[in-house]
file run.pdb (PDB, C-alpha atoms)
ATOM      1  CA  MET A  13     -52.574 -62.594  32.644
ATOM      2  CA  THR A  14     -54.705 -61.515  35.618
ATOM      3  CA  LEU A  15     -57.655 -59.154  35.271
ATOM      4  CA  LYS A  16     -55.727 -56.564  37.258
ATOM      5  CA  LYS A  17     -52.783 -56.723  34.848
ATOM      6  CA  LEU A  18     -55.131 -56.554  31.874
ATOM      7  CA  TRP A  19     -56.772 -53.443  33.311
ATOM      8  CA  ILE A  20     -53.408 -51.779  33.955
ATOM      9  CA  LEU A  21     -52.172 -52.666  30.469
ATOM     10  CA  SER A  22     -55.379 -51.409  28.842
ATOM     11  CA  LEU A  23     -55.202 -48.119  30.711
ATOM     12  CA  THR A  24     -51.558 -47.700  29.787
ATOM     13  CA  VAL A  25     -52.310 -48.372  26.111
ATOM     14  CA  CYS A  26     -55.102 -45.805  26.191
ATOM     15  CA  LEU A  27     -52.760 -43.209  27.679
ATOM     16  CA  CYS A  28     -50.064 -43.936  25.099
ATOM     17  CA  CYS A  29     -52.488 -43.912  22.168
ATOM     18  CA  CYS A  30     -53.947 -40.597  23.224
ATOM     19  CA  MET A  31     -50.448 -39.114  23.377
ATOM     20  CA  ILE A  32     -49.928 -39.671  19.652
ATOM     21  CA  VAL A  33     -53.243 -38.307  18.458
ATOM     22  CA  GLY A  34     -52.403 -34.815  17.289
ATOM     23  CA  ALA A  35     -55.940 -33.432  17.584
ATOM     24  CA  ALA A  36     -56.021 -34.355  21.293
ATOM     25  CA  ALA A  37     -52.546 -33.133  22.170
ATOM     26  CA  VAL A  38     -51.064 -29.922  23.523
ATOM     27  CA  THR A  39     -47.353 -29.097  23.216
ATOM     28  CA  PHE A  40     -45.357 -28.570  26.402
ATOM     29  CA  THR A  41     -41.698 -27.557  26.647
ATOM     30  CA  ASP A  42     -40.095 -29.264  29.608
ATOM     31  CA  ALA A  43     -37.295 -27.949  31.811
ATOM     32  CA  HIS A  44     -34.675 -29.522  29.530
ATOM     33  CA  GLY A  45     -36.040 -27.760  26.458
ATOM     34  CA  ASN A  46     -37.712 -30.845  25.018
ATOM     35  CA  GLU A  47     -41.036 -30.349  23.270
ATOM     36  CA  ILE A  48     -43.477 -33.083  24.272
ATOM     37  CA  GLU A  49     -47.102 -33.686  23.494
ATOM     38  CA  LEU A  50     -49.542 -34.050  26.367
ATOM     39  CA  ASP A  51     -52.957 -35.650  26.113
ATOM     40  CA  GLU A  52     -55.609 -32.927  26.391
ATOM     41  CA  THR A  53     -58.324 -35.489  27.038
ATOM     42  CA  LEU A  54     -56.944 -36.562  30.426
ATOM     43  CA  GLU A  55     -59.089 -35.000  33.116
ATOM     44  CA  ALA A  56     -59.425 -35.384  36.866
ATOM     45  CA  TYR A  57     -60.902 -33.410  39.747
ATOM     46  CA  THR A  58     -59.420 -32.410  43.060
ATOM     47  CA  ALA A  59     -61.600 -31.322  45.946
ATOM     48  CA  VAL A  60     -58.585 -29.658  47.597
ATOM     49  CA  GLN A  61     -55.707 -27.451  46.530
ATOM     50  CA  LEU A  62     -52.504 -29.477  46.209
ATOM     51  CA  LEU A  63     -49.458 -27.516  47.308
ATOM     52  CA  GLY A  64     -46.212 -27.410  45.356
ATOM     53  CA  ALA A  65     -45.609 -23.739  44.496
ATOM     54  CA  ASP A  66     -43.511 -21.266  46.483
ATOM     55  CA  ASN A  67     -41.056 -23.971  47.545
ATOM     56  CA  ALA A  68     -43.720 -25.625  49.696
ATOM     57  CA  ALA A  69     -42.308 -29.129  49.198
ATOM     58  CA  ARG A  70     -38.800 -27.957  50.120
ATOM     59  CA  LYS A  71     -39.960 -26.702  53.523
ATOM     60  CA  GLY A  72     -41.815 -29.751  54.813
ATOM     61  CA  GLU A  73     -44.399 -32.375  53.972
ATOM     62  CA  THR A  74     -47.207 -31.286  51.629
ATOM     63  CA  ASN A  75     -50.402 -32.936  50.428
ATOM     64  CA  LEU A  76     -49.055 -32.892  46.854
ATOM     65  CA  GLY A  77     -45.873 -34.578  48.056
ATOM     66  CA  ASP A  78     -47.968 -37.268  49.735
ATOM     67  CA  LEU A  79     -50.008 -37.842  46.578
ATOM     68  CA  TRP A  80     -46.939 -37.985  44.342
ATOM     69  CA  ALA A  81     -45.078 -40.422  46.573
ATOM     70  CA  ASP A  82     -48.214 -42.539  47.016
ATOM     71  CA  ALA A  83     -48.490 -42.889  43.236
ATOM     72  CA  LEU A  84     -44.924 -44.169  43.005
ATOM     73  CA  ARG A  85     -45.291 -46.620  45.864
ATOM     74  CA  TRP A  86     -48.626 -47.878  44.472
ATOM     75  CA  PHE A  87     -46.995 -48.393  41.078
ATOM     76  CA  ALA A  88     -44.480 -50.796  42.614
ATOM     77  CA  ALA A  89     -46.590 -52.457  45.311
ATOM     78  CA  SER A  90     -49.507 -53.146  42.937
ATOM     79  CA  GLY A  91     -47.292 -54.878  40.401
ATOM     80  CA  ALA A  92     -48.096 -52.313  37.711
ATOM     81  CA  ILE A  93     -44.371 -51.622  37.450
ATOM     82  CA  ASN A  94     -43.771 -55.160  36.167
ATOM     83  CA  GLU A  95     -44.751 -54.154  32.617
ATOM     84  CA  TYR A  96     -42.066 -51.442  32.499
ATOM     85  CA  PHE A  97     -38.752 -53.160  33.123
ATOM     86  CA  GLU A  98     -36.224 -52.808  30.302
ATOM     87  CA  GLU A  99     -35.725 -55.819  28.044
ATOM     88  CA  ASP A 100     -32.204 -56.358  29.369
ATOM     89  CA  ASP A 101     -33.543 -56.405  32.935
ATOM     90  CA  VAL A 102     -36.204 -58.945  32.037
ATOM     91  CA  THR A 103     -33.583 -61.112  30.365
ATOM     92  CA  ALA A 104     -31.545 -60.908  33.577
ATOM     93  CA  GLY A 105     -34.568 -62.053  35.590
ATOM     94  CA  ILE A 106     -35.710 -58.664  36.906
ATOM     95  CA  THR A 107     -39.459 -58.899  36.326
ATOM     96  CA  GLU A 108     -40.870 -57.555  39.602
ATOM     97  CA  VAL A 109     -39.872 -55.706  42.752
ATOM     98  CA  ALA A 110     -37.848 -58.176  44.786
ATOM     99  CA  VAL A 111     -39.196 -57.407  48.277
ATOM    100  CA  ASP A 112     -42.606 -57.724  49.908
ATOM    101  CA  ALA A 113     -44.963 -54.747  49.754
ATOM    102  CA  ASP A 114     -44.293 -53.850  53.383
ATOM    103  CA  HIS A 115     -40.655 -53.196  52.443
ATOM    104  CA  ILE A 116     -41.486 -50.870  49.530
ATOM    105  CA  VAL A 117     -41.211 -47.130  50.125
ATOM    106  CA  ALA A 118     -41.217 -44.097  47.823
ATOM    107  CA  LEU A 119     -39.024 -41.001  48.102
ATOM    108  CA  TRP A 120     -39.502 -37.911  45.962
ATOM    109  CA  ASN A 121     -37.412 -34.760  46.274
ATOM    110  CA  GLY A 122     -39.378 -31.605  46.977
ATOM    111  CA  GLY A 123     -37.395 -29.574  44.457
ATOM    112  CA  ASN A 124     -39.136 -31.535  41.691
ATOM    113  CA  LEU A 125     -42.608 -30.369  42.716
ATOM    114  CA  ARG A 126     -42.859 -26.912  41.173
ATOM    115  CA  ALA A 127     -46.506 -25.817  41.122
ATOM    116  CA  ASP A 128     -49.840 -26.031  42.909
ATOM    117  CA  ILE A 129     -52.819 -27.868  41.480
ATOM    118  CA  ALA A 130     -55.852 -25.695  42.133
ATOM    119  CA  GLU A 131     -59.116 -27.089  43.442
ATOM    120  CA  GLY A 132     -61.325 -28.202  40.558
ATOM    121  CA  VAL A 133     -60.724 -29.883  37.212
ATOM    122  CA  PHE A 134     -57.134 -30.372  36.043
ATOM    123  CA  GLY A 135     -55.345 -32.204  33.278
ATOM    124  CA  ALA A 136     -51.982 -33.307  31.911
ATOM    125  CA  LEU A 137     -50.728 -29.737  31.493
ATOM    126  CA  GLN A 138     -51.156 -29.045  35.211
ATOM    127  CA  LEU A 139     -49.155 -32.175  36.061
ATOM    128  CA  ALA A 140     -46.437 -31.065  33.664
ATOM    129  CA  ASP A 141     -46.305 -27.690  35.424
ATOM    130  CA  VAL A 142     -45.771 -29.554  38.709
ATOM    131  CA  LEU A 143     -43.026 -31.753  37.257
ATOM    132  CA  PRO A 144     -41.432 -30.112  34.195
ATOM    133  CA  TYR A 145     -38.784 -32.828  33.943
ATOM    134  CA  PRO A 146     -38.795 -36.048  31.872
ATOM    135  CA  ASN A 147     -38.192 -38.234  34.938
ATOM    136  CA  LYS A 148     -38.617 -41.997  34.812
ATOM    137  CA  VAL A 149     -39.391 -44.324  37.698
ATOM    138  CA  ALA A 150     -36.402 -46.068  39.280
ATOM    139  CA  VAL A 151     -36.018 -48.793  41.891
ATOM    140  CA  VAL A 152     -33.084 -48.647  44.306
ATOM    141  CA  TYR A 153     -32.499 -51.426  46.827
ATOM    142  CA  MET A 154     -31.109 -50.065  50.096
ATOM    143  CA  THR A 155     -30.462 -51.395  53.554
ATOM    144  CA  GLY A 156     -32.312 -49.618  56.319
ATOM    145  CA  ALA A 157     -29.037 -47.985  57.336
ATOM    146  CA  GLN A 158     -28.582 -46.616  53.819
ATOM    147  CA  LEU A 159     -32.176 -45.385  53.735
ATOM    148  CA  LEU A 160     -31.612 -43.532  57.013
ATOM    149  CA  GLU A 161     -28.435 -41.925  55.709
ATOM    150  CA  ALA A 162     -30.210 -40.951  52.477
ATOM    151  CA  LEU A 163     -32.865 -39.088  54.475
ATOM    152  CA  GLU A 164     -30.201 -37.519  56.706
ATOM    153  CA  ALA A 165     -28.390 -36.158  53.657
ATOM    154  CA  ALA A 166     -31.627 -35.056  51.972
ATOM    155  CA  SER A 167     -32.655 -33.047  55.055
ATOM    156  CA  GLN A 168     -29.280 -31.427  55.687
ATOM    157  CA  ALA A 169     -30.327 -27.873  54.753
ATOM    158  CA  LEU A 170     -33.414 -27.658  56.952
ATOM    159  CA  PRO A 171     -34.803 -25.435  58.324
ATOM    160  CA  PHE A 172     -35.727 -23.716  55.060
ATOM    161  CA  SER A 173     -34.586 -20.132  54.553
ATOM    162  CA  ASP A 174     -33.608 -17.852  51.701
ATOM    163  CA  GLU A 175     -30.020 -19.025  52.212
ATOM    164  CA  THR A 176     -30.874 -22.743  52.194
ATOM    165  CA  GLU A 177     -33.518 -22.670  49.427
ATOM    166  CA  ALA A 178     -31.331 -24.336  46.778
ATOM    167  CA  ALA A 179     -30.032 -27.061  49.093
ATOM    168  CA  CYS A 180     -33.536 -27.808  50.395
ATOM    169  CA  ALA A 181     -34.426 -29.069  46.906
ATOM    170  CA  SER A 182     -33.203 -32.472  48.112
ATOM    171  CA  PHE A 183     -35.742 -32.731  50.962
ATOM    172  CA  MET A 184     -37.741 -35.948  50.526
ATOM    173  CA  GLN A 185     -41.499 -36.350  50.405
ATOM    174  CA  VAL A 186     -42.336 -39.962  51.257
ATOM    175  CA  SER A 187     -44.831 -42.805  51.131
ATOM    176  CA  GLY A 188     -44.624 -45.974  53.215
ATOM    177  CA  LEU A 189     -42.615 -44.512  56.060
ATOM    178  CA  ARG A 190     -42.584 -41.859  58.761
ATOM    179  CA  TYR A 191     -39.553 -39.883  59.818
ATOM    180  CA  THR A 192     -38.511 -36.983  62.014
ATOM    181  CA  VAL A 193     -35.888 -34.303  61.386
ATOM    182  CA  ASP A 194     -34.519 -32.578  64.489
ATOM    183  CA  THR A 195     -33.100 -29.316  63.167
ATOM    184  CA  ALA A 196     -31.622 -28.508  66.597
ATOM    185  CA  VAL A 197     -29.009 -31.166  65.812
ATOM    186  CA  ALA A 198     -26.303 -29.875  63.501
ATOM    187  CA  TYR A 199     -25.737 -31.764  60.276
ATOM    188  CA  ASP A 200     -22.404 -33.591  60.422
ATOM    189  CA  LYS A 201     -20.832 -32.465  57.145
ATOM    190  CA  GLY A 202     -18.550 -34.855  55.327
ATOM    191  CA  GLU A 203     -17.123 -34.387  51.852
ATOM    192  CA  PRO A 204     -18.610 -31.718  49.569
ATOM    193  CA  TYR A 205     -21.093 -33.228  47.136
ATOM    194  CA  GLY A 206     -22.344 -31.293  44.156
ATOM    195  CA  GLU A 207     -22.861 -27.562  44.354
ATOM    196  CA  ASN A 208     -24.930 -27.302  47.536
ATOM    197  CA  TRP A 209     -24.519 -30.472  49.585
ATOM    198  CA  PHE A 210     -22.215 -32.557  51.755
ATOM    199  CA  THR A 211     -22.135 -36.256  52.496
ATOM    200  CA  ALA A 212     -23.169 -37.263  56.024
ATOM    201  CA  SER A 213     -20.272 -38.185  58.295
ATOM    202  CA  SER A 214     -22.787 -39.531  60.800
ATOM    203  CA  VAL A 215     -26.543 -39.774  61.266
ATOM    204  CA  GLY A 216     -27.937 -37.679  64.090
ATOM    205  CA  ARG A 217     -30.831 -35.472  63.066
ATOM    206  CA  VAL A 218     -33.122 -37.955  61.273
ATOM    207  CA  THR A 219     -35.079 -40.795  62.875
ATOM    208  CA  ILE A 220     -37.292 -43.228  60.954
ATOM    209  CA  THR A 221     -40.188 -44.088  63.242
ATOM    210  CA  GLU A 222     -41.908 -46.757  61.132
ATOM    211  CA  VAL A 223     -42.038 -48.375  57.703
ATOM    212  CA  ASN A 224     -45.474 -49.395  56.461
ATOM    213  CA  GLY A 225     -46.732 -49.746  60.026
ATOM    214  CA  GLN A 226     -43.777 -51.877  61.133
ATOM    215  CA  ALA A 227     -40.639 -51.140  63.113
ATOM    216  CA  PHE A 228     -37.771 -49.726  61.080
ATOM    217  CA  ASP A 229     -34.981 -52.264  60.620
ATOM    218  CA  PRO A 230     -31.526 -50.898  59.731
ATOM    219  CA  GLU A 231     -30.468 -54.373  58.558
ATOM    220  CA  ALA A 232     -33.459 -55.026  56.292
ATOM    221  CA  VAL A 233     -33.440 -54.431  52.534
ATOM    222  CA  TYR A 234     -35.993 -51.933  51.273
ATOM    223  CA  ALA A 235     -37.002 -51.140  47.696
ATOM    224  CA  VAL A 236     -36.964 -47.362  47.300
ATOM    225  CA  ILE A 237     -39.109 -46.112  44.414
ATOM    226  CA  THR A 238     -37.840 -42.790  43.130
ATOM    227  CA  SER A 239     -36.678 -41.045  39.955
ATOM    228  CA  ASN A 240     -33.867 -41.814  37.538
ATOM    229  CA  ALA A 241     -32.292 -38.520  38.623
ATOM    230  CA  ASN A 242     -31.966 -39.665  42.237
ATOM    231  CA  PHE A 243     -30.817 -43.095  41.019
ATOM    232  CA  ASN A 244     -27.949 -41.299  39.285
ATOM    233  CA  GLY A 245     -27.033 -39.198  42.338
ATOM    234  CA  MET A 246     -28.805 -35.861  41.744
ATOM    235  CA  ASP A 247     -28.737 -33.249  44.523
ATOM    236  CA  SER A 248     -27.790 -34.964  47.804
ATOM    237  CA  SER A 249     -28.551 -38.474  46.506
ATOM    238  CA  TYR A 250     -25.072 -39.966  46.732
ATOM    239  CA  VAL A 251     -26.474 -42.851  48.813
ATOM    240  CA  PHE A 252     -28.952 -43.723  46.036
ATOM    241  CA  LYS A 253     -26.148 -43.889  43.484
ATOM    242  CA  ALA A 254     -23.905 -46.009  45.704
ATOM    243  CA  ALA A 255     -26.728 -48.381  46.685
ATOM    244  CA  ALA A 256     -27.760 -48.813  43.040
ATOM    245  CA  GLN A 257     -24.213 -49.740  42.120
ATOM    246  CA  GLU A 258     -24.014 -52.231  45.004
ATOM    247  CA  ASP A 259     -27.247 -54.071  44.188
ATOM    248  CA  GLU A 260     -27.578 -55.007  40.524
ATOM    249  CA  ARG A 261     -31.329 -55.476  40.899
ATOM    250  CA  SER A 262     -31.611 -51.680  41.135
ATOM    251  CA  THR A 263     -32.776 -50.257  37.827
ATOM    252  CA  ILE A 264     -34.429 -47.459  35.888
ATOM    253  CA  THR A 265     -37.708 -48.469  34.249
ATOM    254  CA  THR A 266     -39.302 -47.183  31.052
ATOM    255  CA  ALA A 267     -42.221 -45.640  32.989
ATOM    256  CA  VAL A 268     -42.539 -41.847  32.817
ATOM    257  CA  VAL A 269     -43.340 -40.457  36.265
ATOM    258  CA  ARG A 270     -46.176 -38.160  35.137
ATOM    259  CA  ASP A 271     -47.857 -41.103  33.396
ATOM    260  CA  VAL A 272     -47.583 -43.133  36.593
ATOM    261  CA  VAL A 273     -49.232 -40.368  38.583
ATOM    262  CA  TRP A 274     -52.081 -40.398  36.051
ATOM    263  CA  LEU A 275     -52.383 -44.158  36.337
ATOM    264  CA  TYR A 276     -52.731 -43.810  40.105
ATOM    265  CA  ILE A 277     -55.259 -40.984  39.930
ATOM    266  CA  ALA A 278     -57.335 -42.828  37.331
ATOM    267  CA  GLY A 279     -57.003 -46.379  38.577
ATOM    268  CA  GLU A 280     -56.929 -45.992  42.358
ATOM    269  CA  LEU A 281     -58.665 -42.661  42.929
ATOM    270  CA  ASN A 282     -61.228 -42.886  40.111
ATOM    271  CA  ASN A 283     -60.081 -39.519  38.742
ATOM    272  CA  ARG A 284     -61.055 -37.724  41.941
ATOM    273  CA  ILE A 285     -58.737 -36.508  44.700
ATOM    274  CA  ASP A 286     -60.849 -36.166  47.823
ATOM    275  CA  ASP A 287     -60.358 -34.937  51.387
ATOM    276  CA  THR A 288     -57.899 -37.748  52.053
ATOM    277  CA  TYR A 289     -55.340 -35.304  50.686
ATOM    278  CA  ALA A 290     -56.807 -32.181  52.250
ATOM    279  CA  GLU A 291     -53.742 -31.788  54.444
ATOM    280  CA  ALA A 292     -50.296 -33.304  54.747
ATOM    281  CA  GLN A 293     -50.756 -36.655  56.450
ATOM    282  CA  GLY A 294     -48.171 -36.455  59.220
ATOM    283  CA  ARG A 295     -45.521 -38.647  57.652
ATOM    284  CA  ILE A 296     -42.736 -36.139  58.268
ATOM    285  CA  THR A 297     -42.083 -34.199  61.465
ATOM    286  CA  VAL A 298     -39.653 -31.290  61.320
ATOM    287  CA  LEU A 299     -38.679 -30.200  64.818
ATOM    288  CA  ALA A 300     -37.743 -26.538  65.157
ATOM    289  CA  GLU A 301     -34.390 -25.438  66.497
TER
END

call {"tool": "encode", "arguments": {"input": "run.pdb", "output": "structure tokens"}}
result
Amino acid sequence: MTLKKLWILSLTVCLCCCMIVGAAAVTFTDAHGNEIELDETLEAYTAVQLLGADNAARKGETNLGDLWADALRWFAASGAINEYFEEDDVTAGITEVAVDADHIVALWNGGNLRADIAEGVFGALQLADVLPYPNKVAVVYMTGAQLLEALEAASQALPFSDETEAACASFMQVSGLRYTVDTAVAYDKGEPYGENWFTASSVGRVTITEVNGQAFDPEAVYAVITSNANFNGMDSSYVFKAAAQEDERSTITTAVVRDVVWLYIAGELNNRIDDTYAEAQGRITVLAE
């Protein structure tokens, strides 16, 4: 085992051990009514306010959305995810992400970022306020064409308004790619999907401008790191569900998303979020009508 894997495993063990120590835990009731214990000893510092409240991540790119998606992409690209595949997956030969790092991207729906993180010291409870759902990390293998359609569908309700608030929950924060949404182009509605969405009959308002510094390739296969909810088709994510069914390498891991974000903050950022995340980083451009 490499030193890097040993470090990741040790940090993970520490996080897990702390979670079961009653004296260091605080109880949190998640959005599904589950009572979970959070480690009170986890502590980090942010030099900037991270924006998730007031539907910020449904309206456009936010610095919190960038951070969250970066954590997911790092988890896969670094190999840290390799320790979290289900036993059945490992038996089937799924032991790592099956594409190069430059074909790994992360998508996270803005409706699952629910609170700000204020400048200063924060802990596990603040992360739970941001994401009050028991989401796990999933890997979905998509062609570039499927990825483009997924973003088209996710952006269908923009621009944000009181009338489109619920449907804008599907809008995707990203890491590893840049894309543009032209809201002057009408969304080409296909079949109704869920309560607030429609499938895309064509792609016309979203353009992917680059993937990890390279040209977007509609024929290439990309590993999309996201949540189990998107994997299963939540909100507008019908493309995720279809792609996962088409490629049997797609899977849901045992990794809890909030724990992964902590691993990233601790391991890559040394428990300090600096001015790198002072503003949204220009990954998403929303053109006005």

call {"tool": "closest_residue", "arguments": {"input": "run.pdb", "among": "A:Glu301, A:Glu131, A:Glu280, A:Glu203", "to": "Leu62 of chain A", "atoms": "all atoms listed in the file"}}
result
A:Glu131

call {"tool": "resolve_selection", "arguments": {"input": "run.pdb", "expression": "the PyMOL selection byres ((chain A and resi 164-167) around 10)", "output": "compact mmCIF listing (two decimals) with C-alpha atoms, in the coordinates of the input"}}
result
# COMPACT_ATOMS: atom_id res chain seq x y z
CA ARG A 70 -38.80 -27.96 50.12
CA LYS A 71 -39.96 -26.70 53.52
CA GLY A 72 -41.82 -29.75 54.81
CA ASN A 121 -37.41 -34.76 46.27
CA GLY A 122 -39.38 -31.60 46.98
CA GLN A 158 -28.58 -46.62 53.82
CA LEU A 159 -32.18 -45.38 53.74
CA LEU A 160 -31.61 -43.53 57.01
CA GLU A 161 -28.44 -41.92 55.71
CA ALA A 162 -30.21 -40.95 52.48
CA LEU A 163 -32.86 -39.09 54.48
CA GLN A 168 -29.28 -31.43 55.69
CA ALA A 169 -30.33 -27.87 54.75
CA LEU A 170 -33.41 -27.66 56.95
CA PRO A 171 -34.80 -25.44 58.32
CA PHE A 172 -35.73 -23.72 55.06
CA ALA A 179 -30.03 -27.06 49.09
CA CYS A 180 -33.54 -27.81 50.40
CA ALA A 181 -34.43 -29.07 46.91
CA SER A 182 -33.20 -32.47 48.11
CA PHE A 183 -35.74 -32.73 50.96
CA MET A 184 -37.74 -35.95 50.53
CA THR A 192 -38.51 -36.98 62.01
CA VAL A 193 -35.89 -34.30 61.39
CA ASP A 194 -34.52 -32.58 64.49
CA THR A 195 -33.10 -29.32 63.17
CA TYR A 199 -25.74 -31.76 60.28
CA ASP A 200 -22.40 -33.59 60.42
CA LYS A 201 -20.83 -32.47 57.14
CA TRP A 209 -24.52 -30.47 49.58
CA PHE A 210 -22.22 -32.56 51.76
CA THR A 211 -22.14 -36.26 52.50
CA ALA A 212 -23.17 -37.26 56.02
CA SER A 213 -20.27 -38.18 58.30
CA SER A 214 -22.79 -39.53 60.80
CA VAL A 215 -26.54 -39.77 61.27
CA GLY A 216 -27.94 -37.68 64.09
CA ARG A 217 -30.83 -35.47 63.07
CA VAL A 218 -33.12 -37.96 61.27
CA THR A 219 -35.08 -40.80 62.88
CA ASP A 247 -28.74 -33.25 44.52
CA SER A 248 -27.79 -34.96 47.80
CA SER A 249 -28.55 -38.47 46.51
CA TYR A 250 -25.07 -39.97 46.73
CA VAL A 251 -26.47 -42.85 48.81
CA VAL A 298 -39.65 -31.29 61.32

call {"tool": "closest_residue", "arguments": {"input": "run.pdb", "among": "A:Val197, A:Ala256, A:Val109, A:Ala89", "to": "Thr155 of chain A", "atoms": "only C-alpha atoms"}}
result
A:Ala256

call {"tool": "closest_residue", "arguments": {"input": "run.pdb", "among": "A:Ala198, A:Leu76, A:Val38, A:Val102", "to": "Gln293 of chain A", "atoms": "only C-alpha atoms"}}
result
A:Leu76

call {"tool": "atom_distance", "arguments": {"input": "run.pdb", "atom1": "atom CA of Val269 of chain A", "atom2": "atom CA of Ser239 of chain A"}}
result
7.6 Å

call {"tool": "resolve_selection", "arguments": {"input": "run.pdb", "expression": "the PyMOL selection byres ((chain A and resi 146) around 8)", "output": "list in words"}}
result
Asp42, Pro144, Tyr145, Asn147, Lys148, Val268 and Val269 of chain A

call {"tool": "atom_distance", "arguments": {"input": "run.pdb", "atom1": "atom CA of Thr238 of chain A", "atom2": "atom CA of Tyr276 of chain A"}}
result
15.2 Å

call {"tool": "resolve_selection", "arguments": {"input": "run.pdb", "expression": "the PyMOL selection byres ((chain A and resi 261) around 8)", "output": "ChimeraX atom specification"}}
result
/A:106,152-153,256,259-260,262-263

call {"tool": "atom_distance", "arguments": {"input": "run.pdb", "atom1": "atom CA of Val236 of chain A", "atom2": "atom CA of Leu143 of chain A"}}
result
19.5 Å

call {"tool": "residues_near_point", "arguments": {"input": "run.pdb", "point": "(-39.2, -50.6, 38.6)", "cutoff": "7 Å", "atoms": "all atoms listed in the file", "output": "PyMOL selection string"}}
result
chain A and resi 88+93-94+96-97+109+149-151+263-265

call {"tool": "closest_residue", "arguments": {"input": "run.pdb", "among": "A:Val60, A:Leu275, A:Tyr191, A:Thr266", "to": "Ser90 of chain A", "atoms": "all atoms listed in the file"}}
result
A:Leu275

call {"tool": "closest_residue", "arguments": {"input": "run.pdb", "among": "A:Ala68, A:Leu125, A:Leu79, A:Ala157", "to": "Leu281 of chain A", "atoms": "only C-alpha atoms"}}
result
A:Leu79

call {"tool": "closest_residue", "arguments": {"input": "run.pdb", "among": "A:Ala136, A:Glu98, A:Val117, A:Met154", "to": "Glu231 of chain A", "atoms": "all atoms listed in the file"}}
result
A:Met154

call {"tool": "axis_aligned_box", "arguments": {"input": "run.pdb", "around": "segment 117-123 of chain A", "padding_each_side": "8 Å", "output": "JSON"}}
result
{"center_x": -39.3, "center_y": -38.4, "center_z": 47.3, "size_x": 19.8, "size_y": 33.6, "size_z": 21.7}

call {"tool": "residues_around", "arguments": {"input": "run.pdb", "residues": "Asn224 of chain A", "least_positions_apart": "6", "cutoff": "9 Å", "atoms": "all atoms listed in the file", "output": "PyMOL selection string"}}
result
chain A and resi 113-117+187-190

call {"tool": "residues_near_point", "arguments": {"input": "run.pdb", "point": "(-44.7, -40.2, 44.6)", "cutoff": "8 Å", "atoms": "all atoms listed in the file", "output": "PyMOL selection string"}}
result
chain A and resi 77-85+118-120+185-187+238+273

call {"tool": "decode", "arguments": {"input": "run.pdb", "residues": "segment 190-203 of chain A", "atoms": "C-alpha atoms", "output": "CSV table (one decimal), in the first residue's frame"}}
result
chain,number,residue,atom,x,y,z
A,190,ARG,CA,-16.8,24.6,-18.0
A,191,TYR,CA,-20.2,25.2,-19.6
A,192,THR,CA,-22.5,27.9,-20.7
A,193,VAL,CA,-26.3,28.1,-20.5
A,194,ASP,CA,-28.0,30.5,-23.0
A,195,THR,CA,-31.3,31.2,-21.4
A,196,ALA,CA,-32.4,33.1,-24.6
A,197,VAL,CA,-32.8,29.7,-26.2
A,198,ALA,CA,-36.0,28.0,-25.2
A,199,TYR,CA,-35.7,24.6,-23.6
A,200,ASP,CA,-37.0,21.9,-26.0
A,201,LYS,CA,-39.4,20.0,-23.7
A,202,GLY,CA,-39.9,16.3,-24.2
A,203,GLU,CA,-41.8,13.9,-22.0
